[in-house]
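One file, run09.pdb, carrying PDB, C-alpha atoms, pLDDT in the B column:
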```pdb
ATOM      1  CA  MET A 869     113.090 123.997   8.578  1.00 67.00           C
ATOM      2  CA  TYR A 870     109.971 124.608  10.605  1.00 79.00           C
ATOM      3  CA  ALA A 871     109.184 126.049  14.013  1.00 91.00           C
ATOM      4  CA  TYR A 872     106.868 124.208  16.411  1.00 95.00           C
ATOM      5  CA  LEU A 873     104.770 124.813  19.477  1.00 96.00           C
ATOM      6  CA  ILE A 874     104.842 121.928  21.966  1.00 97.00           C
ATOM      7  CA  GLN A 875     102.341 121.391  24.771  1.00 96.00           C
ATOM      8  CA  GLY A 876     101.766 118.448  27.027  1.00 96.00           C
ATOM      9  CA  PHE A 877     101.931 116.779  30.408  1.00 93.00           C
ATOM     10  CA  PHE A 878     104.469 114.749  32.305  1.00 88.00           C
ATOM     11  CA  PHE A 879     103.453 112.390  35.087  1.00 80.00           C
ATOM     12  CA  GLN A 880     105.324 111.666  38.310  1.00 75.00           C
ATOM     13  CA  ARG A 881     104.682 108.876  40.763  1.00 67.00           C
ATOM     14  CA  ASN A 882     105.254 110.079  44.308  1.00 62.00           C
ATOM     15  CA  CYS A 883     105.488 108.299  47.632  1.00 58.00           C
ATOM     16  CA  HIS A 884     105.273 110.187  50.890  1.00 62.00           C
ATOM     17  CA  PHE A 885     104.806 109.534  54.572  1.00 72.00           C
ATOM     18  CA  ASP A 886     101.399 110.219  56.055  1.00 72.00           C
ATOM     19  CA  THR A 887      99.374 109.334  59.111  1.00 74.00           C
ATOM     20  CA  ARG A 888      96.296 107.192  59.332  1.00 72.00           C
ATOM     21  CA  TYR A 889      93.966 107.694  62.229  1.00 71.00           C
ATOM     22  CA  LEU A 890      92.665 104.491  63.785  1.00 71.00           C
ATOM     23  CA  SER A 891      90.336 103.771  66.654  1.00 70.00           C
ATOM     24  CA  GLU A 892      91.923 103.716  70.103  1.00 65.00           C
ATOM     25  CA  ALA A 893      91.450  99.937  70.154  1.00 71.00           C
ATOM     26  CA  GLU A 894      93.531  99.701  66.971  1.00 69.00           C
ATOM     27  CA  GLY A 895      96.317 101.881  68.389  1.00 69.00           C
ATOM     28  CA  GLY A 896      95.280 105.482  67.652  1.00 72.00           C
ATOM     29  CA  VAL A 897      97.615 106.721  64.911  1.00 76.00           C
ATOM     30  CA  LYS A 898      99.657 104.745  62.423  1.00 67.00           C
ATOM     31  CA  GLY A 899     102.373 105.894  60.018  1.00 72.00           C
ATOM     32  CA  ILE A 900     101.781 104.894  56.404  1.00 63.00           C
ATOM     33  CA  ILE A 901     103.377 105.390  53.010  1.00 69.00           C
ATOM     34  CA  ARG A 902     100.966 106.875  50.502  1.00 68.00           C
ATOM     35  CA  SER A 903     101.558 106.870  46.746  1.00 65.00           C
ATOM     36  CA  ASP A 904      99.944 109.012  44.085  1.00 62.00           C
ATOM     37  CA  CYS A 905     100.516 110.343  40.594  1.00 56.00           C
ATOM     38  CA  CYS A 906     101.001 114.053  39.865  1.00 76.00           C
ATOM     39  CA  ARG A 907     100.433 115.630  36.467  1.00 72.00           C
ATOM     40  CA  SER A 908     102.344 118.754  35.392  1.00 86.00           C
ATOM     41  CA  MET A 909     101.631 120.733  32.233  1.00 91.00           C
ATOM     42  CA  PHE A 910     104.423 122.066  30.008  1.00 95.00           C
ATOM     43  CA  ALA A 911     104.479 124.382  27.014  1.00 96.00           C
ATOM     44  CA  GLY A 912     107.236 125.592  24.763  1.00 97.00           C
ATOM     45  CA  VAL A 913     108.627 126.405  21.379  1.00 96.00           C
ATOM     46  CA  ILE A 914     111.098 124.613  19.107  1.00 95.00           C
ATOM     47  CA  PHE A 915     112.797 126.741  16.462  1.00 91.00           C
ATOM     48  CA  PRO A 916     115.566 126.391  13.856  1.00 89.00           C
ATOM     49  CA  ILE A 917     118.906 128.208  14.059  1.00 87.00           C
ATOM     50  CA  ASP A 918     121.544 127.423  11.413  1.00 88.00           C
ATOM     51  CA  GLU A 919     119.931 124.094  10.380  1.00 86.00           C
ATOM     52  CA  MET A 920     119.698 122.900  14.030  1.00 92.00           C
ATOM     53  CA  LEU A 921     116.635 122.812  16.286  1.00 94.00           C
ATOM     54  CA  TYR A 922     116.628 124.475  19.710  1.00 95.00           C
ATOM     55  CA  GLY A 923     113.845 125.046  22.175  1.00 96.00           C
ATOM     56  CA  LYS A 924     112.575 126.756  25.286  1.00 97.00           C
ATOM     57  CA  MET A 925     110.004 125.292  27.633  1.00 97.00           C
ATOM     58  CA  SER A 926     108.160 126.306  30.777  1.00 96.00           C
ATOM     59  CA  ASP A 927     106.380 124.242  33.441  1.00 93.00           C
ATOM     60  CA  HIS A 928     105.605 124.270  37.165  1.00 91.00           C
ATOM     61  CA  TYR A 929     109.298 123.694  37.984  1.00 90.00           C
ATOM     62  CA  GLY A 930     110.632 126.609  35.903  1.00 94.00           C
ATOM     63  CA  GLU A 931     112.093 127.608  32.567  1.00 97.00           C
ATOM     64  CA  SER A 932     114.222 125.141  30.603  1.00 97.00           C
ATOM     65  CA  SER A 933     116.195 124.816  27.378  1.00 97.00           C
ATOM     66  CA  LEU A 934     115.770 121.989  24.860  1.00 97.00           C
ATOM     67  CA  PHE A 935     118.622 120.578  22.798  1.00 95.00           C
ATOM     68  CA  SER A 936     119.552 117.427  20.834  1.00 97.00           C
ATOM     69  CA  ILE A 937     116.088 117.719  19.292  1.00 97.00           C
ATOM     70  CA  SER A 938     114.979 115.207  16.657  1.00 95.00           C
ATOM     71  CA  ILE A 939     111.574 115.244  14.981  1.00 95.00           C
ATOM     72  CA  SER A 940     110.406 112.656  12.461  1.00 94.00           C
ATOM     73  CA  PRO A 941     106.916 111.486  11.429  1.00 93.00           C
ATOM     74  CA  GLU A 942     107.201 108.575  13.904  1.00 94.00           C
ATOM     75  CA  LYS A 943     109.351 109.899  16.777  1.00 96.00           C
ATOM     76  CA  ILE A 944     110.237 113.009  18.768  1.00 96.00           C
ATOM     77  CA  GLY A 945     113.199 113.179  21.096  1.00 97.00           C
ATOM     78  CA  PHE A 946     114.979 115.907  23.014  1.00 97.00           C
ATOM     79  CA  GLU A 947     117.006 116.683  26.105  1.00 97.00           C
ATOM     80  CA  LYS A 948     115.823 119.266  28.622  1.00 97.00           C
ATOM     81  CA  ARG A 949     117.861 121.249  31.140  1.00 97.00           C
ATOM     82  CA  TYR A 950     116.210 123.591  33.618  1.00 96.00           C
ATOM     83  CA  ASP A 951     117.833 127.025  33.744  1.00 95.00           C
ATOM     84  CA  HIS A 952     118.497 126.686  37.499  1.00 93.00           C
ATOM     85  CA  ARG A 953     119.800 123.076  37.469  1.00 93.00           C
ATOM     86  CA  ASP A 954     122.653 121.117  35.879  1.00 93.00           C
ATOM     87  CA  ASP A 955     121.001 117.713  35.339  1.00 95.00           C
ATOM     88  CA  VAL A 956     119.570 116.651  31.979  1.00 97.00           C
ATOM     89  CA  ILE A 957     116.188 114.993  31.404  1.00 96.00           C
ATOM     90  CA  VAL A 958     115.733 112.924  28.224  1.00 97.00           C
ATOM     91  CA  TYR A 959     112.295 112.754  26.553  1.00 96.00           C
ATOM     92  CA  GLU A 960     111.249 110.272  23.855  1.00 97.00           C
ATOM     93  CA  PHE A 961     107.830 110.079  22.167  1.00 97.00           C
ATOM     94  CA  LYS A 962     106.067 107.938  19.543  1.00 97.00           C
ATOM     95  CA  LYS A 963     102.914 109.022  17.725  1.00 96.00           C
ATOM     96  CA  GLU A 964      99.705 107.178  18.616  1.00 94.00           C
ATOM     97  CA  ASN A 965      96.307 108.308  17.267  1.00 92.00           C
ATOM     98  CA  GLY A 966      97.441 111.902  16.725  1.00 91.00           C
ATOM     99  CA  ILE A 967      99.021 112.258  20.194  1.00 96.00           C
ATOM    100  CA  TRP A 968     102.688 111.843  21.070  1.00 97.00           C
ATOM    101  CA  ILE A 969     103.031 109.280  23.889  1.00 96.00           C
ATOM    102  CA  GLY A 970     106.341 108.737  25.639  1.00 95.00           C
ATOM    103  CA  GLU A 971     108.479 108.946  28.685  1.00 95.00           C
ATOM    104  CA  TYR A 972     111.219 110.938  30.324  1.00 93.00           C
ATOM    105  CA  SER A 973     114.232 109.829  32.321  1.00 93.00           C
ATOM    106  CA  GLY A 974     116.889 111.597  34.304  1.00 92.00           C
ATOM    107  CA  LYS A 975     119.335 111.001  37.122  1.00 93.00           C
ATOM    108  CA  GLU A 976     117.529 113.410  39.449  1.00 88.00           C
ATOM    109  CA  THR A 977     113.963 112.830  38.209  1.00 87.00           C
ATOM    110  CA  GLY A 978     113.841 109.088  37.630  1.00 85.00           C
ATOM    111  CA  THR A 979     111.472 107.919  34.902  1.00 89.00           C
ATOM    112  CA  GLY A 980     107.886 108.755  34.138  1.00 90.00           C
ATOM    113  CA  GLY A 981     105.306 109.061  31.413  1.00 93.00           C
ATOM    114  CA  ALA A 982     104.628 112.049  29.189  1.00 95.00           C
ATOM    115  CA  THR A 983     102.198 113.065  26.461  1.00 95.00           C
ATOM    116  CA  CYS A 984     102.264 116.012  24.086  1.00 97.00           C
ATOM    117  CA  ILE A 985     101.059 117.603  20.883  1.00 96.00           C
ATOM    118  CA  LEU A 986     103.345 119.293  18.380  1.00 96.00           C
ATOM    119  CA  THR A 987     102.011 122.081  16.172  1.00 95.00           C
ATOM    120  CA  GLU A 988     103.989 123.238  13.143  1.00 93.00           C
ATOM    121  CA  VAL A 989     103.910 127.038  12.804  1.00 92.00           C
ATOM    122  CA  PRO A 990     105.505 129.575  10.449  1.00 86.00           C
ATOM    123  CA  GLU A 991     108.675 131.198  11.777  1.00 78.00           C
ATOM    124  CA  SER A 992     106.979 134.585  11.286  1.00 80.00           C
ATOM    125  CA  LEU A 993     104.895 133.809  14.397  1.00 79.00           C
ATOM    126  CA  PHE A 994     107.944 134.754  16.475  1.00 75.00           C
ATOM    127  CA  LEU A 995     108.762 138.025  14.688  1.00 77.00           C
ATOM    128  CA  ILE A 996     107.838 141.409  16.125  1.00 78.00           C
ATOM    129  CA  THR A 997     104.979 143.050  14.242  1.00 79.00           C
ATOM    130  CA  GLU A 998     104.372 146.786  14.082  1.00 75.00           C
TER     131      GLU A 998
END
```

Take the structure in the file and give it back as structure tokens.
Amino acid sequence: MYAYLIQGFFFQRNCHFDTRYLSEAEGGVKGIIRSDCCRSMFAGVIFPIDEMLYGKMSDHYGESSLFSISISPEKIGFEKRYDHRDDVIVYEFKKENGIWIGEYSGKETGTGGATCILTEVPESLFLITE
């Protein structure tokens, strides 16, 4: 089995309340709902233990563990759980032009898009050298 480095982005659509300033003739100030898309970078490692793949990942929201990992030439899938939360986020990717394109979904996060690259590395990369 191989070890991998994984790096990418996930995208979140957000809606929030804001104010819009109008002329006095138009009423002064108006409440509006603004929407935008945020991009967050993630990086991690996927490694074999006893013929199973496990992983660790880090992003703006904290450290997380990866499990139920499947990697094939056409698809990548895994479940992610942040170390400080109980909910699970499911990621699924398909390869398109050398980049893995996919989405995530979770009860607390909703759904969104994600992209990543996966780099196969020798397991010796993770061993202490002296």

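The shell of residues at most 6 Å from region 940-943 of chain A, with only C-alpha atoms counted and near chain neighbours (fewer than 4 positions) removed, consists of Phe961, Lys962 and Lys963 of chain A.
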
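The closest residue to Glu988 (chain A), picked from A:Met909, A:Phe885, A:Gly876, A:Ile939 and counting all atoms listed in the file, is A:Ile939.
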
For Met920 (chain A), which residue out of A:Ser938, A:Thr979, A:Ser908, A:Ser973 is the nearest one, using all atoms listed in the file? A:Ser938

Quick one: of A:Leu986, A:Ala911, A:Leu993, A:Leu890, who's nearest to Gly945 (chain A), counting all atoms listed in the file? A:Leu986

Long-range neighbours of region 964-970 of chain A as number ranges by chain, 6 Å cut-off, all atoms listed in the file, 2 positions minimum in chain: A: 960-962, 981-985

Hits from the PyMOL selection byres ((chain A and resi 912) around 7), listed as a PDB file with C-alpha atoms, in the frame of the given file:
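Produced file out_0.pdb, reproduced below:
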```pdb
ATOM      1  CA  LEU A 873     104.770 124.813  19.477  1.00 96.00           C
ATOM      2  CA  ILE A 874     104.842 121.928  21.966  1.00 97.00           C
ATOM      3  CA  GLN A 875     102.341 121.391  24.771  1.00 96.00           C
ATOM      4  CA  PHE A 910     104.423 122.066  30.008  1.00 95.00           C
ATOM      5  CA  ALA A 911     104.479 124.382  27.014  1.00 96.00           C
ATOM      6  CA  VAL A 913     108.627 126.405  21.379  1.00 96.00           C
ATOM      7  CA  ILE A 914     111.098 124.613  19.107  1.00 95.00           C
ATOM      8  CA  LYS A 924     112.575 126.756  25.286  1.00 97.00           C
ATOM      9  CA  MET A 925     110.004 125.292  27.633  1.00 97.00           C
ATOM     10  CA  SER A 926     108.160 126.306  30.777  1.00 96.00           C
TER      11      SER A 926
END
```

Would you list the contacts of Gln880 (chain A) as an MDAnalysis selection string, taking every protein, DNA or RNA residue within 9 Å and counting all atoms listed in the file, but skipping same-chain residues closer than 6 positions in sequence? chainID A and resid 904:908 977:981

On this file, the PyMOL selection byres ((chain A and resi 916) around 10) gives some set of residues; write that set as JSON, numbers by chain. {"A": [869, 870, 871, 872, 914, 915, 917, 918, 919, 920, 921, 922, 923, 991]}

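The nearest approach to Ser932 (chain A) among the residues A:Glu998, A:Ile944, A:Phe878, A:His952, with only C-alpha atoms taken into account, belongs to A:His952.
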
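The space between CA of Phe994 (chain A) and CA of Ile957 (chain A) spans 26.1 Å.
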
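CA of Ser933 (chain A) is positioned 5.4 Å from CA of Arg949 (chain A).
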
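Here the question is which of A:Glu976, A:Leu995, A:Phe946, A:Asp951 gets nearest to Asp927 (chain A) using only C-alpha atoms, and that residue is A:Asp951.
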
Report the centre and edge lengths, in Å to one decimal, of an axis-aligned box enclosing every atom of region 948-967 of chain A listed in the file, padded by 5 Å on each side, as JSON.
```
{"center_x": 109.5, "center_y": 117.1, "center_z": 27.1, "size_x": 36.3, "size_y": 29.8, "size_z": 30.8}
```

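For the pair CA of Lys948 (chain A) and CA of Leu934 (chain A), the interatomic distance is 4.6 Å.
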